[in-house]
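Right, one structure below, let's go through it.
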Amino acid sequence: MFPNKAAIEGIGDAAHLAEVKGRSLWADARTRFFRNKAAVVSLVMLGLIASFALFGQFFAQYDKGFVDFSLIGSNAYKGVPSIETGHYFGTDSNGRDLFARTVQGTGISLMVGIVGALVAVIVGTLYGATAGYYGGRIDGLMMRIVDVLMSIPFMFVLILMLVIFGRSIFMLFLGIGLISWLDMARIARGQTLTIKNKEFVEVAVATGVRPSKIILRHIVPNLLGIVIVYATLLVPSMIIFESFISFLGLGVQEPNTSLGALINEGARTMQFGYYWQIAYPLFFFVITIFAFFFVGDGLRDALDPKDR
Amino acid sequence: MTLKSKLMATGAAFLIATGGMVYADGHATHPETGETLASDQTFTYRDLDESPSIDPGVAEDSAGGDIIRDLFEGLYNQDASGALIPGVALSHEVSEDGLIYTFTLRDNAKWSNGEPVTAADFEFGWKRAASPELASPYSWYIELTTVENAAAVIAGEMDPSELGITAINDTTLEIRLTQPLPYFPDMTTHYTLFPVPEATIAEFGDDWVKPGNMVSNGAYVLTEHVPQERLVRERNEMYWDNENTIIDKTVSLIIPDENVALTRFLAGELNRTDVPAGQFPRLAEQYPDDIMSVPNACSYYYTINLTDTTNPALLDGNVRQALSLAVNRDVIVENVLAGGQWPAYTFTHWATAGFETPETPIAAMDQAERDAKAKELMAEAGYGPDNPLSVNLIFNTSESHRSVAIAISQMWKQTLGVETELANQEWQTFLETRGNQDYEIARAGWCADYNEASTFLDLMDTNSGYNDAQYSNAEVDALLAAAKTSDNPQAAYTQVEQIISQDVPIIPIYHYAAAKMLDDAVEGWPYENFQQKWYSKDLYIVAE
Amino acid sequence: MFSFVVRRLAVAIPTLLVLVIISFILMYSAPGGPFNSERPLPPEVLANIQAKYGLDQPFWRQIVNYVWGVVSSFDFGPSFQYKDRSVNDIIAQGFPVTLTYGFWSFVVAVSVGVSLGVAAAIRQNSWLDYLAVGISVGAQVLPNFVMAPILVLTFTLWLGWLPGGGWNGGQWQNLVMPVIALSTSYMASIARITRSSMLEVLNTNFIRTAKAKGLPMRRVIWRHAMKPTILPVLSYLGPAFVGMITGSVVIDVFFSTGGIGQFFVNSAFNRDYSVIMGITILVGALTILFNLVVDILYAWIDPKIRY
């Protein structure tokens, strides 16, 4: 019912052709991606944000942990963003340089967003595609596991990780990874249910292609559109979720920070007139998310097998 | 508001006829002060969280206490200064040995269903609160009164009927103590010792505390209770002093976020709320008539692990002293918190009754001297720029603890070059970590159980269950033991504070204050009451 | 289909049991307990309390007792924290609140989200597309803990139109801000998934054929494109619906709605085991139920799907 080129390729798929085809698929995708202006601009943007996070510290006049005691409590008029004082983004209510903190927080949050999205894409997609492809009892079991994992009080998992393994940045990523793939698995599995009924899959099955290969070569590429869009949607929620993990004590700890923590703090104090405390972190959060969205859209269009 | 607008509408002609001299507000005046009262006598305030219980026997928090004091009345109440005034009891007599208290109750006290409040209701309330069957988390309060057999009853070794409280007749209540306790009458203002209605509890079981079921003897009755949202209590027509009660209705709203609560206060939805940390100066400037700060009987300090699981450097007294000296308390109380807190160089809260804050070397110095001395001590201990000390500091997750920890870690760094690794933990995890001495330096706070210095200093006893530093000094133990039986314990307390200030098992940081927004129109607030026991029946709202 | 539903419902019971056991183990292994506090209770008082709540029993016994209570009399036990209430009371009071604002948020999120997504896809790269993408991205990037205080500041303090919080039995004035704050990010996600899914569908040959046959666009969309478009949206909506009706602690904290999200988070922090379990089971049952509903809808939309 949905004949398309991927299907036709699927029919003709053979091991000795895979190499060549694989390369051309990616090359094609690259060309199409770079034709998409919004995506390219966003990619450049992401690069700029990443270099801000990496090299911004060299422009900061203050250490991210340094407290200027004369500024505590008089933030509203002394902590205003200014080139002269060297506090380009002003100071936070604890008398610390917001520029240095935003630089550091952007770095952490960028990593959190990327790790969360990657784990979701890799684990979630494969898990969901496998469950959907095999169907029946395997599907039932795998999806009930997801149901249980979605419903358990996850906070206790995080607390136990803290108690058993101690606090580290790796544990933060592990915590993020553990939760991020669940919804993705459901979405991937749902799509797989329709895809596996299409002719090209049926033909592949009939010609005796191994299930793992069918999943990787025929199912997953057809899932990528929705998977990538959903992955970009995960980025903001993972960045925010990080601040909850840190609240429990597992993640980022003072004097280190993250965009989530900075925005949280800014939201608390915005009614007191320190607009910069929310404005700068939120700005970096927003442009990061925007960039991810458009890069995601670009990738989706580029990888869409039906477009070719 | 609706009442007001209705009056305005229907009475418009009348108002014009009398030349607009009479407003809807302000028909009544306060009987004593003569102030014009607002027509709507509703007091609305913010609570942070739903109280665990509003059953007097089971309740365990102070916000629940505010509610229970409106709904129920004990033997005595406190007035605006904290002095005792008659509640259900008119007076009492004490036997010569100070062990037997005989209270005379008023005969016009009634439950909200019209039944009289009798001595038997108190007897029932006490025995119920002590019974293992009820398993009240506050049953230890009964033990604290030293009433006969309390410990055995709580431990389940004796039947609750053996508790040393007897209703001689409807208006005479006898209580037998095992130790003379001069402040015993004071303790009767606490909710655990309030009467409860036996018939109602028998009828409804655990559901007796729900609106509609609850029968109470205070100035108010419970009319609405939506957990985590609101609790409403309204005038109890059966209350013996109903005539002199002005507030008709008190509403407590649960608003978890303090900034939203402040917004709602400013929008006129609340008469009272908390001041967010650090916002006191700004709000005091903008709303000078609506803000208050009163001492709050708690001390904030850092405790240092002195067991062998700690950082070995912290076992050196010089290091601990240096860390304490380098904390600039003035910055903490004036800039970081800025809500009327008091810098602490000693453990006991400065406003504790009968306590005089002792002289200590650290309190006598100014900060420059302290910093110099701290550097000197650090150098003596062998730490300096080439060999910086690193310590670990844990605190439970909260904005203000975080701000204090950030400031102090930077003071240590900027003055002494000490590197501090900060770690926040969720509350229960934190309690366990600290209780297991799995820390180096930890945030701690202690609130007075009663208004006397030993409530604080007993923590320094080797055997105290709350001594998280595991500090042990035989001299301190002996002094504390002696203070218990001494007529004038101040001398012992002074010495203990001075020893602590020398040994530094804890670093006192500040003494708490409660900073609140209180609508200017609300009068009768008991500012002078150290425990901040307020009663809606004593408040009134003046017309603006 | 019928036998599939029966099978799934039968599997739901062991699934919930596994959920109960895992959650029990997690809770009990976490540091702290329901009666821990800054000042530990005297041992005899603690012993009384533990005896009252059955916490002095061996671990397996507690699970058995708990499950038996739930199965035999639908009794989820007393709350350890809110001592005047049972878990049944708490859920009976909090869940309708959450259900109400969650349901309206869902309605708003789906209707606005799907319309925006479809509109954007049909007019790809037009101003309508950019507007729709802009709205959805804007709604997505403003976290609800930022939006909530902004809403309260705007509608309560400055404009004075709406009460700053509370539930008040579910008056519409109290519903507006929670629904806005809760629905926006879901709405944005739905719009983006719809748009991308619709674009894929519109690119398929059969739609091109339909268009080529000269069918009116409206009809092509409704008759042919809508069903396949909605499939991935559905997979998202299952968990999203459960997420919305089981509450958001941010909504409860900022708008003091007294919903179940607040109870859940408080009980987790207070180690109020029975409330945690009660709400976990509720969430688990709803998750299983709505994922089943989603699967049924799949089969209805695409009859070729076999489970």
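Each chain in the structure tokens gets a letter, A, B and so on, in the order shown; residues start at 1 in every chain, and ligands are counted from 1 in the order they appear.
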List as a list of chain:residue names the protein and nucleic acid residues near Asn94 (chain A), meaning an atom at most 7 Å away when only C-alpha atoms are counted, but skip any in the same chain fewer than 3 places from it.
A:Val67, A:Ile72, B:Ser403
Write the residues you've just listed into a file as a PDB file, in the first residue's frame, and include N, CA and C atoms for each of them.
```pdb
ATOM      1  N   VAL A  67      32.873  34.295  44.758  1.00  0.00           N
ATOM      2  CA  VAL A  67      31.803  35.121  45.321  1.00  0.00           C
ATOM      3  C   VAL A  67      32.362  36.502  45.639  1.00  0.00           C
ATOM      4  N   ILE A  72      26.531  40.481  47.384  1.00  0.00           N
ATOM      5  CA  ILE A  72      25.422  39.689  47.909  1.00  0.00           C
ATOM      6  C   ILE A  72      24.421  40.621  48.567  1.00  0.00           C
TER       7      ILE A  72
ATOM      8  N   SER B 403      22.852  28.818  49.501  1.00  0.00           N
ATOM      9  CA  SER B 403      23.469  30.141  49.512  1.00  0.00           C
ATOM     10  C   SER B 403      24.469  30.278  50.653  1.00  0.00           C
TER      11      SER B 403
END
```
Tell me the residues of chain C close to chain B, meaning within 9 Å using only C-alpha atoms, as a ChimeraX atom specification.
/C:30-33,35-42,44-52,80-85,90,93-94,149,152-153,156-158,160,163-168,252-259,262-263,269-271
As an MDAnalysis selection string, please: the residues near region 55-60 of chain A (cut-off 9 Å, only C-alpha atoms, same-chain neighbours under 6 positions excluded).
chainID A and resid 86:88 97 99:100 103:104
Atoms to include: C-alpha atoms. Write the selected residues as a PDB file, in the first residue's frame.
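The resulting file, result04.pdb, is shown below:
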```
ATOM      1  CA  GLY A  86      33.531  42.502  33.869  1.00  0.00           C
ATOM      2  CA  HIS A  87      30.243  40.865  34.794  1.00  0.00           C
ATOM      3  CA  TYR A  88      28.982  40.743  31.204  1.00  0.00           C
ATOM      4  CA  ASP A  97      29.622  36.057  37.839  1.00  0.00           C
ATOM      5  CA  PHE A  99      28.786  34.870  32.503  1.00  0.00           C
ATOM      6  CA  ALA A 100      31.185  32.262  33.836  1.00  0.00           C
ATOM      7  CA  VAL A 103      29.372  29.188  30.087  1.00  0.00           C
ATOM      8  CA  GLN A 104      29.795  26.249  32.410  1.00  0.00           C
TER       9      GLN A 104
END
```
Min atom-atom distance to Val118 (chain C) from the set C:Gly278, C:Pro34, C:Met198, C:Leu17, counting only C-alpha atoms, belongs to C:Met198
Could you build a table of the residues in chain C lying no more than 7 Å from chain A, giving for each the nearest pair of atoms and their separation in Å rounded to one decimal place, using only C-alpha atoms, ordered by chain and ascending residue number, as JSON lines?
```
{"residue": "C:Thr15", "atom": "CA", "partner": "A:Arg144", "partner_atom": "CA", "distance": 6.7}
{"residue": "C:Leu19", "atom": "CA", "partner": "A:Val148", "partner_atom": "CA", "distance": 5.6}
{"residue": "C:Ser23", "atom": "CA", "partner": "A:Ile152", "partner_atom": "CA", "distance": 5.8}
{"residue": "C:Leu26", "atom": "CA", "partner": "A:Phe156", "partner_atom": "CA", "distance": 5.9}
{"residue": "C:Met27", "atom": "CA", "partner": "A:Phe156", "partner_atom": "CA", "distance": 6.3}
{"residue": "C:Ala30", "atom": "CA", "partner": "A:Leu160", "partner_atom": "CA", "distance": 5.8}
{"residue": "C:Val141", "atom": "CA", "partner": "A:Val286", "partner_atom": "CA", "distance": 5.8}
{"residue": "C:Val146", "atom": "CA", "partner": "A:Ala267", "partner_atom": "CA", "distance": 5.4}
{"residue": "C:Ser189", "atom": "CA", "partner": "A:Leu233", "partner_atom": "CA", "distance": 6.6}
{"residue": "C:Ile193", "atom": "CA", "partner": "A:Val229", "partner_atom": "CA", "distance": 6.7}
{"residue": "C:Ser196", "atom": "CA", "partner": "A:Ile226", "partner_atom": "CA", "distance": 6.9}
{"residue": "C:Ser197", "atom": "CA", "partner": "A:Ile226", "partner_atom": "CA", "distance": 6.8}
{"residue": "C:Asn203", "atom": "CA", "partner": "A:Lys306", "partner_atom": "CA", "distance": 6.9}
{"residue": "C:Thr204", "atom": "CA", "partner": "A:Lys306", "partner_atom": "CA", "distance": 6.7}
{"residue": "C:Phe206", "atom": "CA", "partner": "A:Phe2", "partner_atom": "CA", "distance": 6.8}
{"residue": "C:Pro232", "atom": "CA", "partner": "A:Ile187", "partner_atom": "CA", "distance": 6.2}
{"residue": "C:Ser235", "atom": "CA", "partner": "A:Ile187", "partner_atom": "CA", "distance": 4.9}
{"residue": "C:Tyr236", "atom": "CA", "partner": "A:Ile187", "partner_atom": "CA", "distance": 6.3}
{"residue": "C:Thr280", "atom": "CA", "partner": "A:Ser151", "partner_atom": "CA", "distance": 6.2}
{"residue": "C:Val283", "atom": "CA", "partner": "A:Ser151", "partner_atom": "CA", "distance": 6.0}
{"residue": "C:Gly284", "atom": "CA", "partner": "A:Ser151", "partner_atom": "CA", "distance": 5.0}
{"residue": "C:Thr287", "atom": "CA", "partner": "A:Asp147", "partner_atom": "CA", "distance": 6.5}
{"residue": "C:Ile288", "atom": "CA", "partner": "A:Asp147", "partner_atom": "CA", "distance": 6.4}
{"residue": "C:Lys304", "atom": "CA", "partner": "A:Asn197", "partner_atom": "CA", "distance": 6.8}
{"residue": "C:Ile305", "atom": "CA", "partner": "A:Leu193", "partner_atom": "CA", "distance": 6.1}
{"residue": "C:Tyr307", "atom": "CA", "partner": "A:Gly136", "partner_atom": "CA", "distance": 5.5}
```
Quick one: which residues from chain B are at most 7 Å off chain A, using only C-alpha atoms, as a PyMOL selection string?
chain B and resi 259+278+335-336+397+403+407+410+422-426
Output C-alpha atoms of each residue in that selection to a file, as a PDB file, in the first residue's frame.
```
ATOM      1  CA  ASN B 259       7.390  33.375  45.622  1.00  0.00           C
ATOM      2  CA  GLY B 278      17.210  37.592  50.965  1.00  0.00           C
ATOM      3  CA  ASN B 335      23.591  40.030  53.033  1.00  0.00           C
ATOM      4  CA  VAL B 336      22.821  36.390  52.352  1.00  0.00           C
ATOM      5  CA  THR B 397      18.867  20.590  49.293  1.00  0.00           C
ATOM      6  CA  SER B 403      23.469  30.141  49.512  1.00  0.00           C
ATOM      7  CA  ALA B 407      29.241  31.932  50.836  1.00  0.00           C
ATOM      8  CA  GLN B 410      34.208  31.010  49.449  1.00  0.00           C
ATOM      9  CA  LEU B 422      29.990  21.078  48.216  1.00  0.00           C
ATOM     10  CA  ALA B 423      27.385  18.352  48.007  1.00  0.00           C
ATOM     11  CA  ASN B 424      23.683  18.701  48.514  1.00  0.00           C
ATOM     12  CA  GLN B 425      21.501  15.723  49.273  1.00  0.00           C
ATOM     13  CA  GLU B 426      17.813  15.058  49.417  1.00  0.00           C
TER      14      GLU B 426
END
```
Grab the CA of Asn149 (chain B) to CA of Trp126 (chain B) distance for me, in Å with one decimal place.
12.1 Å
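For the atom pair formed by CA of Pro385 (chain B) and CA of Val418 (chain B), the distance is 8.9 Å, given to one decimal.
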For the structure I just gave you, how does DSSP split region 152-266 of chain A - specifically, which residues are alpha helix (DSSP H)? Reply as number ranges by chain.
A: 154-165, 169-195, 199-206, 211-214, 220-248, 259-266
Residues of region 277-359 of chain B in strand (DSSP E), written as a ChimeraX atom specification
/B:291-304,342-343
Go ahead and write the selection's residues with C-alpha atoms as a PDB file, in the first residue's frame.
```
ATOM      1  CA  ILE B 291       6.512  43.243  57.264  1.00  0.00           C
ATOM      2  CA  MET B 292       7.721  41.737  60.510  1.00  0.00           C
ATOM      3  CA  SER B 293      10.692  39.791  61.792  1.00  0.00           C
ATOM      4  CA  VAL B 294      10.742  38.052  65.143  1.00  0.00           C
ATOM      5  CA  PRO B 295      13.335  35.782  66.730  1.00  0.00           C
ATOM      6  CA  ASN B 296      12.726  32.127  66.061  1.00  0.00           C
ATOM      7  CA  ALA B 297      14.006  29.681  68.666  1.00  0.00           C
ATOM      8  CA  CYS B 298      16.429  27.793  66.393  1.00  0.00           C
ATOM      9  CA  SER B 299      20.183  27.819  65.817  1.00  0.00           C
ATOM     10  CA  TYR B 300      21.939  27.178  62.507  1.00  0.00           C
ATOM     11  CA  TYR B 301      25.345  25.575  62.644  1.00  0.00           C
ATOM     12  CA  TYR B 302      27.818  23.323  60.881  1.00  0.00           C
ATOM     13  CA  THR B 303      28.706  20.146  62.670  1.00  0.00           C
ATOM     14  CA  ILE B 304      32.160  18.609  62.225  1.00  0.00           C
ATOM     15  CA  TRP B 342      21.453  37.140  64.500  1.00  0.00           C
ATOM     16  CA  PRO B 343      25.139  36.206  64.038  1.00  0.00           C
TER      17      PRO B 343
END
```
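Rounded to one decimal, CA of Gln279 (chain B) and CA of Ala338 (chain B) lie 7.3 Å from each other.
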Under the rule that only C-alpha atoms are counted, which of B:Val88, B:Ala219, B:Met158, B:Ala284 is the nearest residue to Met517 (chain B)?
B:Ala284
Fewer than 3 positions away in the same chain doesn't count, so skip those; otherwise give me all residues within 9 Å of Gly384 (chain B), counting only C-alpha atoms, as a list in words.
Lys375, Met378, Ala379, Ala381, Asn387, Pro388, Leu389, Leu416, Gly417 and Val418 of chain B
Show which residues sit within 8 Å of region 109-119 of chain A, as a VMD selection string. Count only C-alpha atoms, and ignore same-chain residues fewer than 5 positions away.
chain A and resid 50 124 173 176 to 177 180 to 181 231 to 232 234 to 236 238 to 239 242 258 to 260 288
Writing out the chosen residues with N, CA and C atoms as a tab-separated table (two decimals), in the first residue's frame:
```tsv
chain	number	residue	atom	x	y	z
A	50	ALA	N	28.52	25.43	21.29
A	50	ALA	CA	29.52	24.51	21.83
A	50	ALA	C	30.83	25.23	22.08
A	124	GLY	N	16.28	3.20	22.56
A	124	GLY	CA	14.84	3.23	22.37
A	124	GLY	C	14.42	2.69	21.01
A	173	PHE	N	24.70	11.03	33.78
A	173	PHE	CA	24.37	10.61	32.43
A	173	PHE	C	23.64	9.27	32.44
A	176	ILE	N	20.09	9.95	33.36
A	176	ILE	CA	19.39	10.53	32.21
A	176	ILE	C	19.09	9.44	31.19
A	177	GLY	N	20.10	8.64	30.91
A	177	GLY	CA	19.95	7.60	29.90
A	177	GLY	C	18.88	6.59	30.27
A	180	SER	N	15.45	8.16	29.51
A	180	SER	CA	15.13	8.85	28.26
A	180	SER	C	14.57	7.94	27.17
A	181	TRP	N	14.90	6.65	27.21
A	181	TRP	CA	14.56	5.82	26.06
A	181	TRP	C	13.17	5.22	26.08
A	231	ALA	N	13.45	12.80	19.23
A	231	ALA	CA	14.70	12.99	19.97
A	231	ALA	C	14.93	14.47	20.25
A	232	THR	N	14.64	15.32	19.26
A	232	THR	CA	14.84	16.75	19.52
A	232	THR	C	13.87	17.25	20.57
A	234	LEU	N	13.05	15.57	23.09
A	234	LEU	CA	13.56	15.09	24.37
A	234	LEU	C	14.61	16.01	24.95
A	235	VAL	N	15.33	16.72	24.06
A	235	VAL	CA	16.45	17.52	24.55
A	235	VAL	C	16.03	18.50	25.65
A	236	PRO	N	15.00	19.34	25.42
A	236	PRO	CA	14.64	20.26	26.52
A	236	PRO	C	14.21	19.53	27.78
A	238	MET	N	15.15	16.66	28.89
A	238	MET	CA	16.31	16.08	29.58
A	238	MET	C	17.10	17.17	30.31
A	239	ILE	N	17.23	18.33	29.66
A	239	ILE	CA	17.98	19.42	30.30
A	239	ILE	C	17.29	19.85	31.58
A	242	GLU	N	17.60	17.11	34.34
A	242	GLU	CA	18.90	17.13	35.00
A	242	GLU	C	18.83	17.90	36.32
A	258	SER	N	24.20	24.17	35.85
A	258	SER	CA	23.65	23.75	34.56
A	258	SER	C	22.60	24.76	34.17
A	259	LEU	N	22.20	24.74	32.90
A	259	LEU	CA	21.18	25.69	32.48
A	259	LEU	C	19.89	25.48	33.26
A	260	GLY	N	19.55	24.22	33.50
A	260	GLY	CA	18.33	23.93	34.25
A	260	GLY	C	18.36	24.61	35.62
A	288	THR	N	19.64	26.89	21.99
A	288	THR	CA	20.09	25.50	21.88
A	288	THR	C	18.94	24.62	21.39
```
